[in-house]
Amino acid sequence: MTKEKLVVIGNGMAPGKVLETLLEEAPDRYDIIIFNAETRVNYNRIMLSPVLTGESEFEEIVIHGDGWYIENNITLYKGHKIVEIDKTAKTVTSEHGVVQAYDKLVIATGSYPFIIPVPGHKLAGVLTFRDLDDVHAMMLAARRGGKAVVIGGGLLGLEAAAGLQIQGMDVTVLHLMPTLMERQLDESAGYLLEKELQSRGINIITKANTKEILGETKVEGVLLDDGTVLDATIVIMAVGIRPNLHLAKDSGFATERGILVDETMQTSDPDVFSVGECIQFDNRTYGLVAPLYDQAKVLGKKLAGKPTDPFVHSESATKLKVTGVNLFSAGDFASGDDRQEIVLRDAAKGVYKRLILQDDKIIGVVLYGETADGPWFYQMLKEGEDISEMRDSLIFGAAYAGGGGSDPLALVAGMSDGAEICGCNGVDKGTIVNAITKDGLCTLEEVRACTKASASCGSCSGLVEQLLALTLGDSFDASAVKPICGCSDLGHQDVRRMILSQELKSIPAIMQALEWKTSCGCAKCRPALNYYLVCAWPDEYVDDGFSRFINERVHANIQKDGTYSVIPRMWGGVTTPSELRAIADVADKFEISIVKVTGGQRIDLLGVKKEDLTAVWADLNDAGMVSGHAYAKGLRTVKTCVGTDWCRVATQDSTGLGIQLEKAMWGAWAPHKLKLAVSGCPRNCSESTCKDIGVICIDSGYELHFGGAAGMHIQGTQVLCTVGTEAEVKEHIFALTQMYREQADYLDRIYKWADKVGYDYIRSVIVEDAGARKAYSDKFLFSQTFMQDDPWKERVDGKEAHHFGAPLIPKKIAETV
């Protein structure tokens with residue numbers, strides 16, 4: 001049977017969810033063709049704020065990478081803006097001249113930012129905050145420093161202001177109304193928010209009306225109605241959005257403020273549908289993600305020919321994605337004679353809670369400072385639940401309502417299956433619970449990989465963990481989400497995010513900003529913090545040698561008798577007569593008792609006295625030998641076989657490739673030790689299938705493996721992919737290593753990290769998304785330029801190598817010993 005052709009105009013979050021639903025319900029019904037004005041794949045726009053602050057990279061907010069479209073046989077035209085829809089011929093035409101026929105059409109053109117038409121609004125330096133190009137422009141401007149003026153004190157404006165301030169700019173927010181976010185917050189909450197942002201160094205001016213943007217060819221300042229002049233190098237317009245309806249209107253579809261649709265998202269043409277920020281339904285337009293996802297699910301089932309409930313308007317909840325600012329609001333919080341309110345204030349903690357009631361039902365909620373009960377209140381608001389019997393304790397939240405005590409799981413236990421848990425990705429309680437029970441999920445990372453819940457801003461992570469505890473009962477391992485150590489209540493990933501978002505660049509700065517419970521940390525957290533800092537700021541942070549374990553500090557492994565083992569590096573397991581002579585001379589000179597060949601194809605000098613370590617390394621350095629990092633949380637060895645130069649069955653130059661990999665990757669910081677191997681044929685003489693990363697050479701190229709272990713935990717690798725060239729091998733391995741370095745908890749091997757986030761997820765990023773792969777690979781090589789600074793020049797100049805990757809310098813060893 002010939003498939004119908006489904007054409008989608010736009011590739012944002014709403015049409016992405018339409019296609020996800022459609023592919024679940026009827027995967028083979030349509031040939032799907034997407035035209036996207038942007039040159040990128042589908043990404044999570046509501047997570048642009050963390051990208052601006054530096055908490056996230058673009059690759060982390062991609063919803064559907066290139067591989068997803070290939071896997072689902074979807075044709076994606078990037079950078080193809082549709083300029084014409086011919087309803088009679090049932091075709092669309094792109095600006096590049098591509099004409100595509102359709103049987104069904106989805107218009108998802110989204111919205112565009114509103115620009116206040118004041119004099120100067122077209123000057124260079126006037127920006128909006130709508131897509132990734134806007135973020136890149138703001139980050140580029142921030143690198144030069146200067147002053148930013150943000151016009152608009154709503155969600156986007158404040159998120160832009162916070163991001164630019166973190167990026168180092170002097171920021172002023174201009175807001176026309178008396179309080180910030182007046183559509184989502186009442187006066188009291190708006191006051192608390194303004195006070196918090198001002199304490200961070202962001203200047204807030206309310207009741208401010210912009211008269212003119214000053215400058216000749218570029219932004220130089222902003223003039224207000226009252227005569228105030230503010231210096232500015234950039235101006236961010238964040239005063240609202242408008243539905244992008246021009247294409248539909250020009251093509252003869254019914255429009256008003258948006259594209260008119262019915263409860264199934266059908267337009268005035270029965271074969272054409274519309275979804276997202278461009279639509280108007282029941283005299284309303286939409287800008288928050290929750291209703292857009294509801295629309296998308298309705299349309300996805302409609303296109304699949306499956307029964308579906310109609311789309312109905314419901315109140316949406318609001319959260320501000322500014323790290324450390326906790327606010328939540330939903331519904332109608334205006335005052336009125338027919339309404340009651342319950343208010344709780346805690347001035348010392350900066351907590352403000354307000355519930356608006358009408359006829360014993362919650363119709364509005366505003367929370368500031370303490371928002372954990374927001375989803376519970378929101379559920380009761382949406383369902384119109386009668387709260388009369390719990391009114392006296394309602395304001396204290398789910399754990400206390402109705403005299404229920406302080407059960408920490410009361411919040412999620414009282415939620416219906418349809419209650420939204422993850423607003424960023426539209427995941428409800430029922431979906432998460434079903435995934436936990438059906439797929440045997442036991443950790444937050446597993447739920448995140450399977451359902452996408454908490455995969456974006458992370459604010460729902462606590463709810464997901466509570467659902468795990470509620471669903472699994474006593475079998476839930478709470479230690480799986482434990483703090484970094486007893487010095488802090490924060491987990492590893494929380495600390496990593498804060499380091500980036502708050503630009504923390506030293507261990508004391510971390511401990512002060514994140515309220516460490518001890519004065520100097522401990523032997524467990526200091527090495528982790530040291531690693532996270534050098535990973536986050538490879539070009540700035542100076543490695544703290546005393547925050548490393550003893551073996552790393554002295555570049556040797558301590559033995560049970562108090563002596564040390566020294567292992568110089570042999571690239572790919574290959575050595576030379578001169579290196580062997582140097583090792584023999586050192587063994588004789590320092591009366592080293594044992595010289596042993598290691599399992600990693602190196603030579604181990606055992607029994608070195610502590611006082612001899614400096615001199616031993618000096619002699620080995622003079623012979624051109626550097627540390628093998630046999631003690632390191634980083635690359636240790638790249639094991640190889642002899643390859644095509646010598647072996648009669650080898651298919652590729654495994655030795656040469658192994659040496660290339662080791663020379664590129666040596667000294668690379670990692671959460672744990674990193675072992676590689678390259679086998680010249682499928683006989684696997686180098687044991688590539690039990691290493692962290694393995695390469696098996698085959699006739700057509702190279703089979704890449706990852707996630708193996710052969711120590712206390714024995715586990716074979718999984719196949720990552722097959723590639724044809726050495727260049728592709730290196731790009732994939734560099735990218736995989738960088739992704740592991742950025743995401744894994746300190747002391748997690750690759751297999752532990754992969755178990756948490758999902759092997760398929762890693763493949764989707766490294767194998768299927770070429771853009772993400774190249775970005776990770778480039779970042780790895782960038783960081784290596786700092787970790788492999790020329791040690792010989794530093795040694796001659798009497799300087800210290802301060803990066804972990806630099807070969808050992810006797811002076812450095814002497815100081816740390």
# chains A, B, ... in the order shown; residues from 1 in each chain; ligands from 1
$ closest_atom_pairs --of "range 242-317 of chain A" --to "range 378-386 of chain A" --cutoff "9 Å" --atoms "only C-alpha atoms" --output "Markdown table"
| residue | atom | partner | partner_atom | distance |
| --- | --- | --- | --- | --- |
| A:Ser314 | CA | A:Lys382 | CA | 6.8 |
| A:Glu315 | CA | A:Lys382 | CA | 6.9 |
| A:Ser316 | CA | A:Tyr378 | CA | 8.5 |
| A:Ala317 | CA | A:Tyr378 | CA | 7.2 |
$ residues_around --residues "range 633-650 of chain A" --least-positions-apart "4" --cutoff "7 Å" --atoms "only C-alpha atoms" --output "short mmCIF file (atom, residue, chain, number, x, y, z; two decimals) with all heavy atoms, in the first residue's frame"
data_model
loop_
_atom_site.label_atom_id
_atom_site.label_comp_id
_atom_site.auth_asym_id
_atom_site.auth_seq_id
_atom_site.Cartn_x
_atom_site.Cartn_y
_atom_site.Cartn_z
N GLY A 572 51.76 2.72 22.84
CA GLY A 572 51.19 1.56 22.18
C GLY A 572 51.90 0.26 22.52
O GLY A 572 51.75 -0.74 21.81
N GLY A 573 52.67 0.25 23.61
CA GLY A 573 53.40 -0.96 23.98
C GLY A 573 54.68 -1.15 23.19
O GLY A 573 55.31 -2.21 23.27
N GLY A 600 49.64 -4.15 30.78
CA GLY A 600 49.38 -3.10 29.81
C GLY A 600 50.54 -2.85 28.88
O GLY A 600 50.64 -1.78 28.30
N GLN A 601 51.44 -3.84 28.73
CA GLN A 601 52.56 -3.77 27.79
C GLN A 601 53.53 -2.65 28.15
O GLN A 601 53.97 -1.88 27.31
CB GLN A 601 52.05 -3.60 26.35
CG GLN A 601 51.17 -4.74 25.87
CD GLN A 601 50.69 -4.55 24.45
OE1 GLN A 601 50.51 -3.42 23.99
NE2 GLN A 601 50.44 -5.65 23.75
N GLY A 628 53.83 6.98 32.64
CA GLY A 628 52.77 6.14 32.09
C GLY A 628 51.45 6.33 32.79
O GLY A 628 50.45 5.70 32.41
N HIS A 629 51.41 7.18 33.83
CA HIS A 629 50.17 7.47 34.56
C HIS A 629 49.46 6.20 35.00
O HIS A 629 48.24 6.07 34.88
CB HIS A 629 49.24 8.35 33.71
CG HIS A 629 49.77 9.71 33.44
ND1 HIS A 629 50.13 10.13 32.19
CD2 HIS A 629 50.05 10.75 34.27
CE1 HIS A 629 50.60 11.38 32.24
NE2 HIS A 629 50.55 11.76 33.50
N SER A 654 47.14 -1.91 13.53
CA SER A 654 46.67 -1.71 14.90
C SER A 654 47.72 -1.02 15.76
O SER A 654 47.39 -0.18 16.61
CB SER A 654 46.27 -3.04 15.53
OG SER A 654 47.34 -3.97 15.45
N THR A 655 49.00 -1.35 15.57
CA THR A 655 50.05 -0.72 16.37
C THR A 655 50.12 0.78 16.10
O THR A 655 50.15 1.60 17.02
CB THR A 655 51.41 -1.36 16.07
OG1 THR A 655 51.33 -2.77 16.30
CG2 THR A 655 52.50 -0.77 16.96
N GLY A 658 47.09 2.52 17.55
CA GLY A 658 47.18 2.59 19.00
C GLY A 658 48.12 3.68 19.46
O GLY A 658 47.84 4.42 20.42
N GLU A 662 47.19 6.96 21.70
CA GLU A 662 47.83 7.22 22.99
C GLU A 662 48.52 8.57 23.01
O GLU A 662 48.45 9.30 24.00
CB GLU A 662 48.83 6.10 23.30
CG GLU A 662 49.40 6.20 24.71
CD GLU A 662 50.05 4.91 25.20
OE1 GLU A 662 50.04 3.91 24.45
OE2 GLU A 662 50.56 4.92 26.33
N MET A 665 45.85 11.19 23.41
CA MET A 665 44.99 11.14 24.60
C MET A 665 45.76 11.09 25.91
O MET A 665 45.15 11.19 26.97
CB MET A 665 44.07 9.92 24.52
CG MET A 665 43.11 9.95 23.35
SD MET A 665 42.10 8.45 23.24
CE MET A 665 41.10 8.61 24.73
N TRP A 666 47.08 10.95 25.88
CA TRP A 666 47.80 10.79 27.14
C TRP A 666 47.63 12.03 28.01
O TRP A 666 47.56 13.14 27.53
CB TRP A 666 49.28 10.50 26.90
CG TRP A 666 50.06 11.67 26.40
CD1 TRP A 666 50.05 12.20 25.16
CD2 TRP A 666 50.97 12.46 27.16
NE1 TRP A 666 50.90 13.26 25.07
CE2 TRP A 666 51.48 13.46 26.28
CE3 TRP A 666 51.41 12.44 28.48
CZ2 TRP A 666 52.41 14.41 26.69
CZ3 TRP A 666 52.33 13.39 28.88
CH2 TRP A 666 52.82 14.36 28.00
N GLY A 667 47.54 11.80 29.29
CA GLY A 667 47.35 12.92 30.21
C GLY A 667 45.94 13.42 30.31
O GLY A 667 45.66 14.38 31.01
N ALA A 668 45.00 12.78 29.59
CA ALA A 668 43.61 13.24 29.59
C ALA A 668 42.97 12.96 30.94
O ALA A 668 42.89 11.82 31.36
CB ALA A 668 42.82 12.55 28.48
N TRP A 669 42.52 14.01 31.59
CA TRP A 669 41.77 13.83 32.83
C TRP A 669 40.51 13.03 32.55
O TRP A 669 39.88 13.17 31.51
CB TRP A 669 41.36 15.18 33.39
CG TRP A 669 42.39 15.83 34.25
CD1 TRP A 669 43.49 16.52 33.84
CD2 TRP A 669 42.43 15.84 35.66
NE1 TRP A 669 44.19 16.97 34.91
CE2 TRP A 669 43.57 16.57 36.05
CE3 TRP A 669 41.61 15.30 36.67
CZ2 TRP A 669 43.91 16.78 37.38
CZ3 TRP A 669 41.95 15.52 37.99
CH2 TRP A 669 43.09 16.25 38.33
N ALA A 670 40.10 12.22 33.49
CA ALA A 670 38.87 11.45 33.35
C ALA A 670 38.32 11.18 34.75
O ALA A 670 39.04 11.29 35.74
CB ALA A 670 39.13 10.13 32.62
N PRO A 671 37.04 10.82 34.85
CA PRO A 671 36.49 10.50 36.17
C PRO A 671 37.16 9.30 36.82
O PRO A 671 37.21 9.19 38.03
CB PRO A 671 35.02 10.21 35.87
CG PRO A 671 34.75 10.96 34.60
CD PRO A 671 36.01 10.87 33.81
N HIS A 672 37.66 8.36 36.01
CA HIS A 672 38.35 7.19 36.54
C HIS A 672 39.40 6.77 35.53
O HIS A 672 39.58 7.42 34.49
CB HIS A 672 37.36 6.05 36.81
CG HIS A 672 37.77 5.15 37.95
ND1 HIS A 672 38.94 4.43 37.92
CD2 HIS A 672 37.18 4.86 39.14
CE1 HIS A 672 39.06 3.72 39.06
NE2 HIS A 672 38.00 3.97 39.81
N LYS A 673 40.08 5.66 35.80
CA LYS A 673 41.09 5.19 34.86
C LYS A 673 40.43 4.83 33.53
O LYS A 673 39.27 4.42 33.48
CB LYS A 673 41.84 3.99 35.43
CG LYS A 673 40.99 2.78 35.75
CD LYS A 673 41.84 1.71 36.42
CE LYS A 673 40.98 0.54 36.89
NZ LYS A 673 41.78 -0.46 37.63
N LEU A 674 41.22 4.98 32.48
CA LEU A 674 40.72 4.79 31.13
C LEU A 674 41.70 3.90 30.39
O LEU A 674 42.86 4.26 30.19
CB LEU A 674 40.59 6.16 30.45
CG LEU A 674 39.81 6.27 29.15
CD1 LEU A 674 38.37 5.85 29.35
CD2 LEU A 674 39.87 7.70 28.62
N LYS A 675 41.24 2.72 29.98
CA LYS A 675 42.09 1.77 29.28
C LYS A 675 41.52 1.49 27.90
O LYS A 675 40.34 1.24 27.76
CB LYS A 675 42.20 0.47 30.08
CG LYS A 675 42.90 0.63 31.42
CD LYS A 675 43.07 -0.71 32.12
CE LYS A 675 43.84 -0.55 33.44
NZ LYS A 675 44.04 -1.86 34.12
N LEU A 676 42.40 1.55 26.91
CA LEU A 676 42.02 1.30 25.54
C LEU A 676 42.81 0.12 24.99
O LEU A 676 43.84 -0.27 25.54
CB LEU A 676 42.29 2.53 24.66
CG LEU A 676 41.25 3.64 24.65
CD1 LEU A 676 41.18 4.36 25.98
CD2 LEU A 676 41.57 4.65 23.55
N ALA A 677 42.32 -0.42 23.89
CA ALA A 677 43.05 -1.48 23.18
C ALA A 677 42.67 -1.44 21.71
O ALA A 677 41.54 -1.09 21.36
CB ALA A 677 42.74 -2.85 23.77
N VAL A 678 43.64 -1.80 20.86
CA VAL A 678 43.39 -1.91 19.43
C VAL A 678 43.86 -3.29 18.97
O VAL A 678 45.04 -3.62 19.10
CB VAL A 678 44.15 -0.83 18.62
CG1 VAL A 678 43.77 -0.92 17.15
CG2 VAL A 678 43.83 0.56 19.15
N SER A 679 42.94 -4.10 18.48
CA SER A 679 43.25 -5.44 17.98
C SER A 679 43.25 -5.44 16.46
O SER A 679 42.32 -4.91 15.84
CB SER A 679 42.23 -6.46 18.50
OG SER A 679 42.30 -6.57 19.91
N GLY A 680 44.28 -6.06 15.86
CA GLY A 680 44.45 -6.00 14.43
C GLY A 680 43.49 -6.85 13.62
O GLY A 680 43.40 -6.71 12.40
N CYS A 681 42.73 -7.72 14.29
CA CYS A 681 41.75 -8.56 13.60
C CYS A 681 40.75 -9.07 14.61
O CYS A 681 40.93 -8.91 15.82
CB CYS A 681 42.45 -9.72 12.87
SG CYS A 681 43.02 -11.04 13.97
N CYS A 685 43.56 -10.21 19.88
CA CYS A 685 44.71 -10.50 20.74
C CYS A 685 44.97 -9.44 21.79
O CYS A 685 45.57 -9.70 22.83
CB CYS A 685 45.96 -10.68 19.87
SG CYS A 685 45.91 -12.14 18.81
N SER A 686 44.52 -8.21 21.56
CA SER A 686 44.74 -7.13 22.53
C SER A 686 43.62 -7.03 23.55
O SER A 686 43.59 -6.10 24.36
CB SER A 686 44.89 -5.79 21.81
OG SER A 686 46.00 -5.80 20.97
#
$ closest_residue --among "A:Gly423, A:Gly215, A:Pro483, A:Gly54" --to "Leu463 in chain A" --atoms "only C-alpha atoms"
A:Gly423
$ select_by_dssp --residues "range 94-152 of chain A" --states "helix (DSSP H, G or I)" --output "compact mmCIF listing (two decimals) with N, CA and C atoms, in the first residue's frame"
# COMPACT_ATOMS: atom_id res chain seq x y z
N LEU A 132 18.79 29.58 19.12
CA LEU A 132 20.20 29.37 19.43
C LEU A 132 21.08 30.45 18.83
N ASP A 133 20.70 30.99 17.68
CA ASP A 133 21.47 32.09 17.10
C ASP A 133 21.49 33.30 18.04
N ASP A 134 20.34 33.56 18.68
CA ASP A 134 20.29 34.66 19.65
C ASP A 134 21.24 34.40 20.82
N VAL A 135 21.26 33.15 21.29
CA VAL A 135 22.14 32.80 22.41
C VAL A 135 23.60 32.99 22.02
N HIS A 136 23.95 32.50 20.84
CA HIS A 136 25.33 32.67 20.38
C HIS A 136 25.71 34.14 20.27
N ALA A 137 24.79 34.97 19.78
CA ALA A 137 25.06 36.40 19.66
C ALA A 137 25.29 37.03 21.03
N MET A 138 24.46 36.64 22.01
CA MET A 138 24.62 37.18 23.35
C MET A 138 25.94 36.72 23.99
N MET A 139 26.28 35.46 23.80
CA MET A 139 27.53 34.95 24.38
C MET A 139 28.74 35.62 23.74
N LEU A 140 28.66 35.87 22.44
CA LEU A 140 29.75 36.55 21.76
C LEU A 140 29.90 37.98 22.28
N ALA A 141 28.77 38.66 22.46
CA ALA A 141 28.81 40.03 23.00
C ALA A 141 29.36 40.04 24.42
N ALA A 142 28.98 39.02 25.20
CA ALA A 142 29.40 38.97 26.59
C ALA A 142 30.91 38.78 26.73
N ARG A 143 31.52 38.13 25.76
CA ARG A 143 32.97 37.93 25.82
C ARG A 143 33.72 39.25 25.82
$ closest_atom_pairs --of "range 112-191 of chain A" --to "range 358-372 of chain A" --cutoff "8 Å" --atoms "only C-alpha atoms" --output "Markdown table"
| residue | atom | partner | partner_atom | distance |
| --- | --- | --- | --- | --- |
| A:Leu185 | CA | A:Val366 | CA | 6.5 |
| A:Asp186 | CA | A:Val366 | CA | 7.3 |
| A:Ala189 | CA | A:Tyr368 | CA | 6.2 |
$ closest_residue --among "A:Lys610, A:Arg553, A:Lys87, A:Lys17" --to "Lys301 in chain A" --atoms "only C-alpha atoms"
A:Lys17
$ closest_residue --among "A:Leu127, A:Ile259, A:Leu176, A:Val222" --to "Asp282 in chain A" --atoms "only C-alpha atoms"
A:Ile259
$ residues_around --residues "range 60-69 of chain A" --least-positions-apart "5" --cutoff "10 Å" --atoms "only C-alpha atoms" --output "ChimeraX atom specification"
/A:11-13,16-17,20,32-34,40-48,50-51,55,74-76,425,452,455-457,763-772
$ closest_residue --among "A:Ala330, A:Cys690, A:Arg496, A:Lys609" --to "Arg741 in chain A" --atoms "only C-alpha atoms"
A:Arg496
$ closest_residue --among "A:Val18, A:Ala232, A:Ile387, A:Ile733" --to "Ala664 in chain A" --atoms "only C-alpha atoms"
A:Ile733
$ atom_distance --atom1 "CA of Ile213 in chain A" --atom2 "CA of Leu197 in chain A"
24.1 Å
$ residues_around --residues "Gly711 in chain A" --least-positions-apart "2" --cutoff "12 Å" --atoms "only C-alpha atoms" --output "MDAnalysis selection string"
chainID A and resid 673 675 690:692 708:709 713:716 749
$ residues_around --residues "Glu95 in chain A" --least-positions-apart "5" --cutoff "8 Å" --atoms "only C-alpha atoms" --output "list in words"
His80, Lys81, Ile82 and Val83 of chain A
$ residues_around --residues "Thr431 in chain A" --least-positions-apart "2" --cutoff "12 Å" --atoms "only C-alpha atoms" --output "CSV table (one decimal) with N, CA, C and O atoms, in the first residue's frame"
chain,number,residue,atom,x,y,z
A,416,SER,N,-2.5,11.9,40.5
A,416,SER,CA,-3.1,11.0,39.5
A,416,SER,C,-2.1,10.6,38.5
A,416,SER,O,-1.1,11.2,38.3
A,417,ASP,N,-2.4,9.5,37.7
A,417,ASP,CA,-1.4,9.0,36.7
A,417,ASP,C,-1.2,10.1,35.6
A,417,ASP,O,-0.2,10.1,35.0
A,418,GLY,N,-2.2,10.9,35.4
A,418,GLY,CA,-2.0,11.9,34.4
A,418,GLY,C,-1.4,13.2,34.8
A,418,GLY,O,-1.2,14.1,34.0
A,419,ALA,N,-1.0,13.3,36.1
A,419,ALA,CA,-0.3,14.5,36.6
A,419,ALA,C,1.0,14.7,36.0
A,419,ALA,O,1.8,13.7,35.9
A,420,GLU,N,1.3,15.9,35.6
A,420,GLU,CA,2.5,16.2,34.9
A,420,GLU,C,3.7,16.2,35.9
A,420,GLU,O,3.6,16.9,36.9
A,421,ILE,N,4.7,15.5,35.6
A,421,ILE,CA,5.9,15.5,36.5
A,421,ILE,C,7.0,16.3,35.8
A,421,ILE,O,7.6,17.2,36.5
A,422,CYS,N,7.3,16.1,34.5
A,422,CYS,CA,8.3,16.9,33.8
A,422,CYS,C,7.7,17.8,32.8
A,422,CYS,O,7.2,17.3,31.7
A,425,ASN,N,9.5,18.1,29.1
A,425,ASN,CA,9.4,17.1,28.1
A,425,ASN,C,8.0,16.4,28.1
A,425,ASN,O,7.8,15.4,27.4
A,426,GLY,N,7.0,17.0,28.9
A,426,GLY,CA,5.7,16.5,28.9
A,426,GLY,C,5.5,15.1,29.3
A,426,GLY,O,4.8,14.3,28.7
A,427,VAL,N,6.1,14.7,30.4
A,427,VAL,CA,6.1,13.4,30.9
A,427,VAL,C,5.2,13.3,32.2
A,427,VAL,O,5.5,14.1,33.1
A,428,ASP,N,4.2,12.5,32.2
A,428,ASP,CA,3.3,12.4,33.4
A,428,ASP,C,3.7,11.3,34.3
A,428,ASP,O,4.6,10.4,34.0
A,429,LYS,N,3.0,11.2,35.5
A,429,LYS,CA,3.3,10.2,36.5
A,429,LYS,C,3.1,8.8,35.9
A,429,LYS,O,4.0,7.9,36.2
A,433,VAL,N,5.9,5.7,36.1
A,433,VAL,CA,5.6,4.5,36.9
A,433,VAL,C,5.6,3.3,36.0
A,433,VAL,O,6.1,2.2,36.3
A,434,ASN,N,4.9,3.4,34.8
A,434,ASN,CA,4.9,2.2,33.9
A,434,ASN,C,6.3,1.9,33.4
A,434,ASN,O,6.6,0.7,33.3
A,435,ALA,N,7.1,2.9,33.2
A,435,ALA,CA,8.5,2.6,32.7
A,435,ALA,C,9.3,1.9,33.8
A,435,ALA,O,10.1,1.0,33.6
A,436,ILE,N,9.1,2.3,35.1
A,436,ILE,CA,9.8,1.7,36.2
A,436,ILE,C,9.5,0.3,36.3
A,436,ILE,O,10.3,-0.6,36.5
A,437,THR,N,8.2,0.0,36.3
A,437,THR,CA,7.7,-1.4,36.5
A,437,THR,C,8.0,-2.3,35.2
A,437,THR,O,8.4,-3.4,35.4
A,438,LYS,N,7.7,-1.8,34.1
A,438,LYS,CA,7.8,-2.6,32.8
A,438,LYS,C,9.3,-2.8,32.5
A,438,LYS,O,9.7,-4.0,32.1
A,439,ASP,N,10.2,-1.8,32.6
A,439,ASP,CA,11.5,-1.9,32.2
A,439,ASP,C,12.5,-2.2,33.3
A,439,ASP,O,13.7,-2.2,33.1
A,447,VAL,N,15.6,6.2,34.6
A,447,VAL,CA,14.3,6.8,34.2
A,447,VAL,C,14.5,8.0,33.3
A,447,VAL,O,13.8,8.1,32.3
A,448,ARG,N,15.6,8.8,33.5
A,448,ARG,CA,15.9,9.9,32.6
A,448,ARG,C,16.2,9.4,31.2
A,448,ARG,O,15.7,10.0,30.2
A,450,CYS,N,15.2,6.6,29.8
A,450,CYS,CA,14.1,5.9,29.2
A,450,CYS,C,12.9,6.8,28.9
A,450,CYS,O,12.3,6.7,27.8
A,451,THR,N,12.6,7.8,29.7
A,451,THR,CA,11.4,8.6,29.6
A,451,THR,C,11.7,10.1,29.3
A,451,THR,O,10.8,10.8,28.9
A,452,LYS,N,12.9,10.5,29.4
A,452,LYS,CA,13.3,11.9,29.3
A,452,LYS,C,12.9,12.8,30.5
A,452,LYS,O,13.2,14.0,30.5
A,453,ALA,N,12.2,12.2,31.4
A,453,ALA,CA,11.8,13.0,32.6
A,453,ALA,C,13.1,13.4,33.4
A,453,ALA,O,14.0,12.6,33.7
A,464,VAL,N,10.9,12.6,40.5
A,464,VAL,CA,11.2,11.4,39.9
A,464,VAL,C,11.7,10.4,40.9
A,464,VAL,O,11.4,9.2,40.9
A,467,LEU,N,9.0,9.1,43.0
A,467,LEU,CA,8.3,8.0,42.3
A,467,LEU,C,9.0,6.7,42.3
A,467,LEU,O,8.4,5.6,42.4
$ closest_residue --among "A:Glu4, A:Glu277, A:Glu503, A:Glu263" --to "Ser111 in chain A" --atoms "only C-alpha atoms"
A:Glu277
$ residues_around --residues "Thr285 in chain A" --least-positions-apart "6" --cutoff "9 Å" --atoms "only C-alpha atoms" --output "ChimeraX atom specification"
/A:242-243,257-258,276-279
$ write_last_selection --atoms "all heavy atoms" --output "CSV table (one decimal), in the first residue's frame"
chain,number,residue,atom,x,y,z
A,242,ARG,N,4.7,36.8,19.3
A,242,ARG,CA,3.5,36.9,18.4
A,242,ARG,C,3.4,35.6,17.6
A,242,ARG,O,4.5,35.2,17.1
A,242,ARG,CB,3.5,38.1,17.5
A,242,ARG,CG,3.6,39.4,18.2
A,242,ARG,CD,2.3,39.7,18.9
A,242,ARG,NE,2.3,41.1,19.5
A,242,ARG,CZ,2.7,41.4,20.7
A,242,ARG,NH1,3.1,40.4,21.5
A,242,ARG,NH2,2.6,42.6,21.2
A,243,PRO,N,2.2,35.0,17.4
A,243,PRO,CA,2.1,33.8,16.5
A,243,PRO,C,2.6,34.2,15.1
A,243,PRO,O,2.3,35.2,14.5
A,243,PRO,CB,0.6,33.5,16.6
A,243,PRO,CG,0.1,34.1,17.8
A,243,PRO,CD,0.9,35.3,18.1
A,257,ARG,N,-5.7,36.2,15.6
A,257,ARG,CA,-4.4,36.5,16.3
A,257,ARG,C,-3.4,35.4,16.0
A,257,ARG,O,-2.2,35.5,16.1
A,257,ARG,CB,-4.5,36.7,17.8
A,257,ARG,CG,-5.2,38.0,18.1
A,257,ARG,CD,-5.2,38.2,19.6
A,257,ARG,NE,-6.0,37.1,20.3
A,257,ARG,CZ,-5.6,36.4,21.4
A,257,ARG,NH1,-4.4,36.7,21.9
A,257,ARG,NH2,-6.4,35.5,21.9
A,258,GLY,N,-4.0,34.2,15.7
A,258,GLY,CA,-3.2,33.0,15.3
A,258,GLY,C,-3.9,32.3,14.2
A,258,GLY,O,-5.0,32.7,13.7
A,276,GLY,N,1.1,24.3,18.1
A,276,GLY,CA,2.2,25.1,18.7
A,276,GLY,C,1.8,26.6,18.9
A,276,GLY,O,0.7,27.0,19.0
A,277,GLU,N,2.8,27.4,18.9
A,277,GLU,CA,2.7,28.8,19.3
A,277,GLU,C,2.0,29.6,18.2
A,277,GLU,O,1.7,30.8,18.4
A,277,GLU,CB,4.0,29.4,19.6
A,277,GLU,CG,4.7,28.8,20.9
A,277,GLU,CD,6.1,29.4,21.2
A,277,GLU,OE1,6.7,29.8,20.2
A,277,GLU,OE2,6.5,29.3,22.3
A,278,CYS,N,1.9,29.0,17.0
A,278,CYS,CA,1.3,29.8,15.9
A,278,CYS,C,-0.3,29.7,15.9
A,278,CYS,O,-0.9,30.4,15.1
A,278,CYS,CB,1.8,29.3,14.5
A,278,CYS,SG,1.5,27.5,14.2
A,279,ILE,N,-0.9,28.8,16.7
A,279,ILE,CA,-2.3,28.6,16.6
A,279,ILE,C,-3.1,29.5,17.5
A,279,ILE,O,-2.6,30.1,18.5
A,279,ILE,CB,-2.6,27.1,16.9
A,279,ILE,CG1,-2.4,26.7,18.4
A,279,ILE,CG2,-1.8,26.2,16.0
A,279,ILE,CD1,-3.6,26.5,19.2
